[in-house]
Amino acid sequence: MTDISALAYVGAGFAAVAGGMVNAIAGGGTLITFPVMTAIGIPSVRANATNTVSLLPGYLGGTYAQRKDLAGLTGTIKPQLVASAIGGLAGSILLIVTSESVFRQIVPFLILSACLLLAVQDRLRAWIFKPGATHKSRIPMQVASVGIAAVYGGYFGAGLGIMLIAVLGLFSDLTLTKLNAVKLLLAFVINLFAASFLMFSGKIEWTIVAVMAPAALIGGNIGGRVAGKLPPKRLRAFVIIFGVIVAIIYLVK
């Protein structure tokens with residue numbers, strides 16, 4: 001276990017609240033929580049594993065809030081749920097077998113990729129949901145795409161929600177509201193199976209989880225309540241700038 005100061009726990013708690021809020025409003029909360037954990041002295045792989053477990057309650061809360069929009073979709077999304085479970089588990093295993101040095105080299109590029117996804121989120125949605133466009137369901141391609149996104153989610157996770165909404169929108173004719181609900185459910189399953197493996201990996205800082213998990217749940221609840229009042233574009237811009245700075249810091253270390 002890493003030696004963590006009381007002040008570091010406070011910082012991790014605030015980061016989890018902020019991460020939960022950002023995930024609920026704009027997406028990209030991991031770009032806040034992960035660098036904070038590494039900044040307080042937790043090695044990168046342990047920080048990422050701990051982050052996955054800590055933020056799981058937030059995904060559960062979001063899924064519960066959107067449960068009405070999932071009505072009638074259980075049968076059609078079963079293949080995606082299976083792909084999410086397998087991909088999330090595979091990604092978490094890949095994380096554990098990745099050495100600390102290799103993961104630290106990869107992290108800046110993963111963060112930059114997540115920032116890019118956040119930056120093009122609106123344009124991507126506008127392209128996918130352009131007026132008059134019809135998106136016929138292509139189950140095999142959708143399941144394969146969800147599976148690939150799930151591996152990434154189990155491995156790192158920043159920008160996962162944006163990846164999921166993109167691949168779901170490309171191969172489905174569901175409304176945006178229902179796609180968001182499916183996205184939340186798939187993200188929860190991905191992180192649930194990833195966390196289930198990581199819990200027994202010996203890579204979790206459980207004292208940090210005890211602080212961050214309830215904080216993330218609180219942040220997600222706050223974010224859900226104020227989502228319609230805060231300008232998502234400004235918040236997203238802040239997260240992108242913050243993420244790029246973090247990536248540069250990792251690159252020059």
# chains A, B, ... in the order shown; residues from 1 in each chain; ligands from 1
>>> select_by_dssp(residues="region 143-208 of chain A", states="helix (DSSP H, G or I)", output="count of residues only")
50
>>> residues_around(residues="Ala12 (chain A)", least_positions_apart="6", cutoff="7 Å", atoms="only C-alpha atoms", output="list of chain:residue names")
A:Val36, A:Met37, A:Met212
>>> closest_residue(among="A:Asn23, A:Thr30, A:Ser44, A:Ser101", to="Lys203 (chain A)", atoms="only C-alpha atoms")
A:Ser44
>>> closest_atom_pairs(of="region 12-79 of chain A", to="region 156-167 of chain A", cutoff="9 Å", atoms="only C-alpha atoms", output="CSV")
residue,atom,partner,partner_atom,distance
A:Asn23,CA,A:Gly161,CA,8.6
A:Gly27,CA,A:Gly159,CA,6.8
A:Gly28,CA,A:Gly159,CA,5.5
A:Gly29,CA,A:Ala158,CA,7.2
A:Thr30,CA,A:Ala158,CA,5.2
A:Leu31,CA,A:Ala158,CA,6.3
A:Asn48,CA,A:Phe156,CA,6.6
A:Ala49,CA,A:Phe156,CA,8.4
A:Thr52,CA,A:Gly157,CA,7.8
>>> closest_atom_pairs(of="region 23-116 of chain A", to="region 184-197 of chain A", cutoff="10 Å", atoms="only C-alpha atoms", output="JSON lines")
{"residue": "A:Ala49", "atom": "CA", "partner": "A:Ala195", "partner_atom": "CA", "distance": 7.6}
{"residue": "A:Thr50", "atom": "CA", "partner": "A:Ala195", "partner_atom": "CA", "distance": 8.6}
{"residue": "A:Asn51", "atom": "CA", "partner": "A:Ala195", "partner_atom": "CA", "distance": 9.3}
{"residue": "A:Thr52", "atom": "CA", "partner": "A:Ala195", "partner_atom": "CA", "distance": 6.1}
{"residue": "A:Val53", "atom": "CA", "partner": "A:Ala195", "partner_atom": "CA", "distance": 5.1}
{"residue": "A:Ser54", "atom": "CA", "partner": "A:Ala195", "partner_atom": "CA", "distance": 8.9}
{"residue": "A:Leu55", "atom": "CA", "partner": "A:Asn191", "partner_atom": "CA", "distance": 8.5}
{"residue": "A:Leu56", "atom": "CA", "partner": "A:Asn191", "partner_atom": "CA", "distance": 6.3}
{"residue": "A:Pro57", "atom": "CA", "partner": "A:Phe188", "partner_atom": "CA", "distance": 8.7}
{"residue": "A:Gly58", "atom": "CA", "partner": "A:Phe188", "partner_atom": "CA", "distance": 8.7}
{"residue": "A:Tyr59", "atom": "CA", "partner": "A:Phe188", "partner_atom": "CA", "distance": 5.1}
{"residue": "A:Leu60", "atom": "CA", "partner": "A:Phe188", "partner_atom": "CA", "distance": 6.1}
{"residue": "A:Gly61", "atom": "CA", "partner": "A:Phe188", "partner_atom": "CA", "distance": 9.4}
{"residue": "A:Gly62", "atom": "CA", "partner": "A:Leu184", "partner_atom": "CA", "distance": 6.5}
{"residue": "A:Thr63", "atom": "CA", "partner": "A:Leu184", "partner_atom": "CA", "distance": 5.4}
{"residue": "A:Tyr64", "atom": "CA", "partner": "A:Leu185", "partner_atom": "CA", "distance": 8.8}
{"residue": "A:Ala65", "atom": "CA", "partner": "A:Leu184", "partner_atom": "CA", "distance": 9.7}
{"residue": "A:Gln66", "atom": "CA", "partner": "A:Leu184", "partner_atom": "CA", "distance": 8.0}
{"residue": "A:Arg67", "atom": "CA", "partner": "A:Leu185", "partner_atom": "CA", "distance": 8.8}
{"residue": "A:Leu70", "atom": "CA", "partner": "A:Leu185", "partner_atom": "CA", "distance": 8.7}
{"residue": "A:Ile77", "atom": "CA", "partner": "A:Leu186", "partner_atom": "CA", "distance": 9.1}
{"residue": "A:Gln80", "atom": "CA", "partner": "A:Leu186", "partner_atom": "CA", "distance": 7.4}
{"residue": "A:Leu81", "atom": "CA", "partner": "A:Leu186", "partner_atom": "CA", "distance": 6.2}
{"residue": "A:Val82", "atom": "CA", "partner": "A:Val189", "partner_atom": "CA", "distance": 8.9}
{"residue": "A:Ala83", "atom": "CA", "partner": "A:Ile190", "partner_atom": "CA", "distance": 8.8}
{"residue": "A:Ser84", "atom": "CA", "partner": "A:Ile190", "partner_atom": "CA", "distance": 5.1}
{"residue": "A:Ala85", "atom": "CA", "partner": "A:Ile190", "partner_atom": "CA", "distance": 5.4}
{"residue": "A:Ile86", "atom": "CA", "partner": "A:Phe193", "partner_atom": "CA", "distance": 7.8}
{"residue": "A:Gly87", "atom": "CA", "partner": "A:Ile190", "partner_atom": "CA", "distance": 7.0}
{"residue": "A:Gly88", "atom": "CA", "partner": "A:Ile190", "partner_atom": "CA", "distance": 4.4}
{"residue": "A:Leu89", "atom": "CA", "partner": "A:Ala194", "partner_atom": "CA", "distance": 4.7}
{"residue": "A:Ala90", "atom": "CA", "partner": "A:Ala194", "partner_atom": "CA", "distance": 7.8}
{"residue": "A:Gly91", "atom": "CA", "partner": "A:Ala194", "partner_atom": "CA", "distance": 7.1}
{"residue": "A:Ser92", "atom": "CA", "partner": "A:Ala194", "partner_atom": "CA", "distance": 5.0}
{"residue": "A:Ile93", "atom": "CA", "partner": "A:Phe197", "partner_atom": "CA", "distance": 7.5}
{"residue": "A:Leu95", "atom": "CA", "partner": "A:Ala194", "partner_atom": "CA", "distance": 9.7}
{"residue": "A:Ile96", "atom": "CA", "partner": "A:Phe197", "partner_atom": "CA", "distance": 9.6}
>>> write_last_selection(atoms="C-alpha atoms", output="compact mmCIF listing (two decimals), in the first residue's frame")
# COMPACT_ATOMS: atom_id res chain seq x y z
CA ALA A 49 -7.04 0.36 -11.15
CA THR A 50 -8.13 2.28 -8.05
CA ASN A 51 -9.85 4.87 -10.23
CA THR A 52 -11.91 2.19 -11.99
CA VAL A 53 -13.20 0.77 -8.72
CA SER A 54 -13.73 4.19 -7.12
CA LEU A 55 -15.87 5.63 -9.92
CA LEU A 56 -18.09 2.54 -10.29
CA PRO A 57 -20.83 3.89 -7.94
CA GLY A 58 -21.17 6.94 -10.17
CA TYR A 59 -21.95 4.76 -13.19
CA LEU A 60 -24.50 2.83 -11.14
CA GLY A 61 -26.21 6.07 -10.10
CA GLY A 62 -26.36 7.30 -13.69
CA THR A 63 -27.78 4.01 -14.94
CA TYR A 64 -30.46 4.04 -12.24
CA ALA A 65 -31.42 7.61 -13.12
CA GLN A 66 -31.89 6.64 -16.78
CA ARG A 67 -33.64 3.30 -16.14
CA LEU A 70 -34.05 1.39 -21.04
CA ILE A 77 -28.92 -4.89 -26.15
CA GLN A 80 -23.73 -5.47 -26.41
CA LEU A 81 -23.89 -6.30 -22.71
CA VAL A 82 -21.98 -9.52 -23.31
CA ALA A 83 -19.37 -7.68 -25.43
CA SER A 84 -19.09 -5.03 -22.70
CA ALA A 85 -18.50 -7.63 -19.99
CA ILE A 86 -15.89 -9.53 -21.98
CA GLY A 87 -14.15 -6.37 -23.19
CA GLY A 88 -14.10 -4.75 -19.75
CA LEU A 89 -12.60 -7.88 -18.22
CA ALA A 90 -10.03 -8.20 -21.02
CA GLY A 91 -9.01 -4.56 -20.65
CA SER A 92 -8.50 -4.91 -16.90
CA ILE A 93 -6.36 -8.02 -17.40
CA LEU A 95 -3.80 -3.34 -17.49
CA ILE A 96 -2.47 -5.69 -14.83
>>> residues_around(residues="Gly243 (chain A)", least_positions_apart="5", cutoff="10 Å", atoms="only C-alpha atoms", output="PyMOL selection string")
chain A and resi 28+30-32+35+108+111-116+237-238+248-249
>>> write_last_selection(atoms="N, CA and C atoms", output="short mmCIF file (atom, residue, chain, number, x, y, z; two decimals), in the first residue's frame")
data_model
loop_
_atom_site.label_atom_id
_atom_site.label_comp_id
_atom_site.auth_asym_id
_atom_site.auth_seq_id
_atom_site.Cartn_x
_atom_site.Cartn_y
_atom_site.Cartn_z
N GLY A 28 -15.50 12.78 -19.20
CA GLY A 28 -14.07 13.03 -19.05
C GLY A 28 -13.60 13.15 -17.63
N THR A 30 -12.39 11.05 -15.59
CA THR A 30 -11.13 10.34 -15.32
C THR A 30 -9.92 11.24 -15.55
N LEU A 31 -10.07 12.21 -16.45
CA LEU A 31 -8.97 13.14 -16.71
C LEU A 31 -8.67 14.01 -15.49
N ILE A 32 -9.57 14.05 -14.54
CA ILE A 32 -9.35 14.78 -13.29
C ILE A 32 -8.86 13.84 -12.20
N PRO A 35 -4.94 11.88 -12.78
CA PRO A 35 -3.72 12.64 -12.48
C PRO A 35 -3.60 13.07 -11.03
N PRO A 108 0.16 9.34 -21.64
CA PRO A 108 -0.04 10.65 -22.29
C PRO A 108 -0.85 10.55 -23.57
N ILE A 111 -4.52 9.90 -22.76
CA ILE A 111 -5.14 11.14 -22.30
C ILE A 111 -5.41 12.07 -23.49
N LEU A 112 -4.45 12.20 -24.38
CA LEU A 112 -4.63 13.05 -25.56
C LEU A 112 -5.76 12.53 -26.45
N SER A 113 -5.87 11.20 -26.57
CA SER A 113 -6.96 10.61 -27.35
C SER A 113 -8.31 10.95 -26.74
N ALA A 114 -8.39 10.87 -25.40
CA ALA A 114 -9.63 11.21 -24.71
C ALA A 114 -9.96 12.70 -24.91
N CYS A 115 -8.94 13.55 -24.86
CA CYS A 115 -9.15 14.99 -25.08
C CYS A 115 -9.67 15.25 -26.49
N LEU A 116 -9.12 14.53 -27.46
CA LEU A 116 -9.56 14.68 -28.84
C LEU A 116 -11.02 14.28 -28.98
N ALA A 237 -14.41 22.35 -22.35
CA ALA A 237 -13.18 23.05 -22.74
C ALA A 237 -12.17 23.03 -21.61
N PHE A 238 -12.66 23.25 -20.37
CA PHE A 238 -11.76 23.22 -19.22
C PHE A 238 -11.12 21.85 -19.06
N ILE A 248 1.05 16.63 -21.36
CA ILE A 248 2.37 17.24 -21.60
C ILE A 248 3.29 16.99 -20.42
N ILE A 249 2.73 17.10 -19.20
CA ILE A 249 3.53 16.85 -18.00
C ILE A 249 4.06 15.43 -18.01
#
>>> atom_distance(atom1="CA of Ile222 (chain A)", atom2="CA of Gly19 (chain A)")
11.0 Å
>>> closest_residue(among="A:Leu118, A:Ile106, A:Val97, A:Ala15", to="Ile241 (chain A)", atoms="only C-alpha atoms")
A:Leu118
>>> atom_distance(atom1="CA of Val102 (chain A)", atom2="CA of Leu117 (chain A)")
23.0 Å
>>> closest_residue(among="A:Thr207, A:Ser145, A:Gln105, A:Asn221", to="Pro79 (chain A)", atoms="only C-alpha atoms")
A:Ser145
>>> closest_residue(among="A:Asp69, A:Glu100, A:Ala149, A:Ser5", to="Thr175 (chain A)", atoms="only C-alpha atoms")
A:Asp69
